[in-house]
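Below is one structure, written out as structure tokens; comments come after it.
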Amino acid sequence: MLGCVIHGQGDLRVAELPVPEPGPGQALVAVRYGGVCGSDLHYWRHGGVGDFRLREPMVLGHEVVGTVVEYGAGASGPAPGTAVAVHPATPCGVCPECSDGRRNICRDTRYLGSAARFPHVQGGFAARVVVPCEQVRALPEGLELRRAALAEPLSVALHAVRRAGEVAGRHVLVTGAGPIGCLVVAAAKAAGASRVTVTDLLPEALEYARVAGAGTLVRADDPDDPGWPSEVDVAVEASGVAAGLDTCLRRVRRGGVVVQLGMLPAGQSAFAGNLVVSREIELRGAFRFDAEFDQALELLAGEVAFDGLVSAVVPVGDAESAFALAADRSRSCKVLLDFAVAP
């Protein structure tokens, strides 16, 4: 079978991999689509993401959907042939964080296509993937696989909005109109935000934010853009750059909430800490998700506007061109790999 393996910075290979067999408690899924995530791009372009560095070849991918093939001993779930989405996280279930209901920050989790631990957890960019049966979710009625491929990044966005607290009736600022930022827009609107303003450097990216439901679009490099709000109630930093965090801290109201969602570069990042003190701003982190995955599937099933965020579907054999396209935000939002023709 074909799979996408990252060997190091700039070294992405489409290779023949052995077809896995499901063990006890596992499901074998035939992957149809895999969404190229920002973390996948970081592994490809920089050999790591944040503080997680590649130390061995790794199959990329954690945004995967497909159909159930079979189960291993003692496993059960949706019947073979059922269209499913795969929850990419396997938390340990016993650490203090899991016991406290915060499984998304489990200290011993396994996450598809992640170099956070060694040996790395191999990902889902392969024609067949084996996962614990508990991580397989049947798609809601009417939800097609192509749109369902957005479930994982939408879950990240839903968790970020949840971390922000009450947003109903409030003005939300989102810095960064990449795929995650656009999905934060959709998540904020679904949570009842009265107004969502999005900033980015690229007009093409901002147009995708409009598709997602943003009411105001702002060029981040134009201080005179009339769309700049004087202040907002909540700000979600989704660009992963220090300048985005600075914007959030300076635009959120006194006593407001800033959620840092974008993964900042490795090492230390300067930020306007005195504003956190003098304005009593609550700065909160948001990392991955947990139960939001099921909410994401339901939300995707009921809203066709999400289709406009999938800008390209590329055969797995052309994976490197798909990654190059996904890295060019002037030409794309979410790019999917198609494993339909992969043996």
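Ligands are numbered from 1 in the order shown, chains are lettered A, B, ... in the order of the structure tokens, and residues start at 1 in each chain.
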task = Going by DSSP on the backbone, which bits of region 65-97 of chain A are strand (DSSP E or B)? Write them as a VMD selection string, please.
result = chain A and resid 65 to 71 83 to 86 89 to 90
Please produce an output containing C-alpha atoms for each residue in the selection, written as a PDB file, in the first residue's frame.
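As a result, again.pdb now contains:
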```pdb
ATOM      1  CA  VAL A  65     -11.573   9.432   7.101  1.00  0.00           C
ATOM      2  CA  GLY A  66     -12.471   6.244   5.255  1.00  0.00           C
ATOM      3  CA  THR A  67     -14.362   2.982   5.677  1.00  0.00           C
ATOM      4  CA  VAL A  68     -14.085   0.119   8.132  1.00  0.00           C
ATOM      5  CA  VAL A  69     -12.441  -3.001   6.697  1.00  0.00           C
ATOM      6  CA  GLU A  70     -12.332  -5.399   9.648  1.00  0.00           C
ATOM      7  CA  TYR A  71     -11.713  -5.740  13.374  1.00  0.00           C
ATOM      8  CA  ALA A  83     -17.973   5.400   6.414  1.00  0.00           C
ATOM      9  CA  VAL A  84     -16.054   6.619   9.456  1.00  0.00           C
ATOM     10  CA  ALA A  85     -13.825   9.364  10.818  1.00  0.00           C
ATOM     11  CA  VAL A  86     -10.832   8.520  12.987  1.00  0.00           C
ATOM     12  CA  ALA A  89      -5.709  10.596  20.028  1.00  0.00           C
ATOM     13  CA  THR A  90      -5.176   7.665  22.387  1.00  0.00           C
TER      14      THR A  90
END
```
Residues of region 18-65 of chain A at most 12 Å from region 277-301 of chain A: nearest atom pair and distance in Å, only C-alpha atoms, as CSV:
```
residue,atom,partner,partner_atom,distance
A:Ser39,CA,A:Arg288,CA,11.7
A:His62,CA,A:Arg288,CA,11.4
A:Glu63,CA,A:Phe293,CA,11.3
A:Val65,CA,A:Leu297,CA,11.4
```
key: Members of region 147-227 of chain A assigned helix (DSSP H, G or I) by DSSP, as a PyMOL selection string   = chain A and resi 147-148+151-164+179-190+203-212
request  = Would you mind reading off the distance between CA of Ala193 (chain A) and CA of Cys333 (chain A), one decimal, in Å?
outcome  = 22.8 Å
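Within 7 Å of Val252 (chain A), once only C-alpha atoms are used and residues closer than 4 positions along the same chain are dropped, the contacting residues are A:Glu231, A:Val232, A:Asp233, A:Val234, A:Ala235, A:Cys248, A:Gly256.
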Mind writing the picked residues with N, CA, C and O atoms as a short mmCIF file (atom, residue, chain, number, x, y, z; two decimals), in the first residue's frame?
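This is the output file selection.cif:
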```cif
data_model
loop_
_atom_site.label_atom_id
_atom_site.label_comp_id
_atom_site.auth_asym_id
_atom_site.auth_seq_id
_atom_site.Cartn_x
_atom_site.Cartn_y
_atom_site.Cartn_z
N GLU A 231 -11.84 47.49 20.33
CA GLU A 231 -11.61 46.42 21.29
C GLU A 231 -12.60 45.30 21.03
O GLU A 231 -13.65 45.50 20.41
N VAL A 232 -12.24 44.09 21.49
CA VAL A 232 -13.10 42.92 21.34
C VAL A 232 -13.23 42.25 22.70
O VAL A 232 -12.48 42.54 23.64
N ASP A 233 -14.20 41.35 22.81
CA ASP A 233 -14.42 40.65 24.08
C ASP A 233 -13.49 39.45 24.24
O ASP A 233 -13.02 39.15 25.33
N VAL A 234 -13.27 38.76 23.13
CA VAL A 234 -12.47 37.53 23.12
C VAL A 234 -11.57 37.56 21.90
O VAL A 234 -11.98 38.02 20.82
N ALA A 235 -10.34 37.07 22.04
CA ALA A 235 -9.43 36.96 20.91
C ALA A 235 -8.82 35.57 20.87
O ALA A 235 -8.40 35.05 21.91
N CYS A 248 -3.69 40.36 19.63
CA CYS A 248 -4.77 39.91 20.50
C CYS A 248 -4.73 40.62 21.84
O CYS A 248 -5.76 41.09 22.36
N GLY A 256 -10.68 40.87 29.40
CA GLY A 256 -11.07 39.94 28.35
C GLY A 256 -10.22 38.68 28.34
O GLY A 256 -9.32 38.49 29.17
#
```
key: Shell of 8 Å around Asp338 (chain A), only C-alpha atoms, local chain residues under 4 positions omitted, as a list in words   =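 With the cut-off at 8 Å, the set is Arg32, Tyr33, Gly34, Val313, Val314, Pro315 and Val316 of chain A.
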message = Please list as an MDAnalysis selection string every residue within 9 Å of Gly10 (chain A), counting only C-alpha atoms and excluding residues in the same chain fewer than 5 positions away.
response = chainID A and resid 43:47
request  = Would you kindly return, as a list in words, each protein, DNA or RNA residue with an atom no farther than 6 Å from any atom of region 179-184 of chain A, considering only C-alpha atoms and excluding same-chain residues fewer than 6 positions away?
outcome  =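 Near neighbours after the sequence-gap exclusion: Leu154, Ala157, Ala209, Ala212, Ala238, Cys333 and Lys334 of chain A.
Using only C-alpha atoms for every distance, the candidate list A:Met263, A:Ala187, A:Ala242, A:Val335 yields A:Ala187 as the residue closest to Glu303 (chain A).
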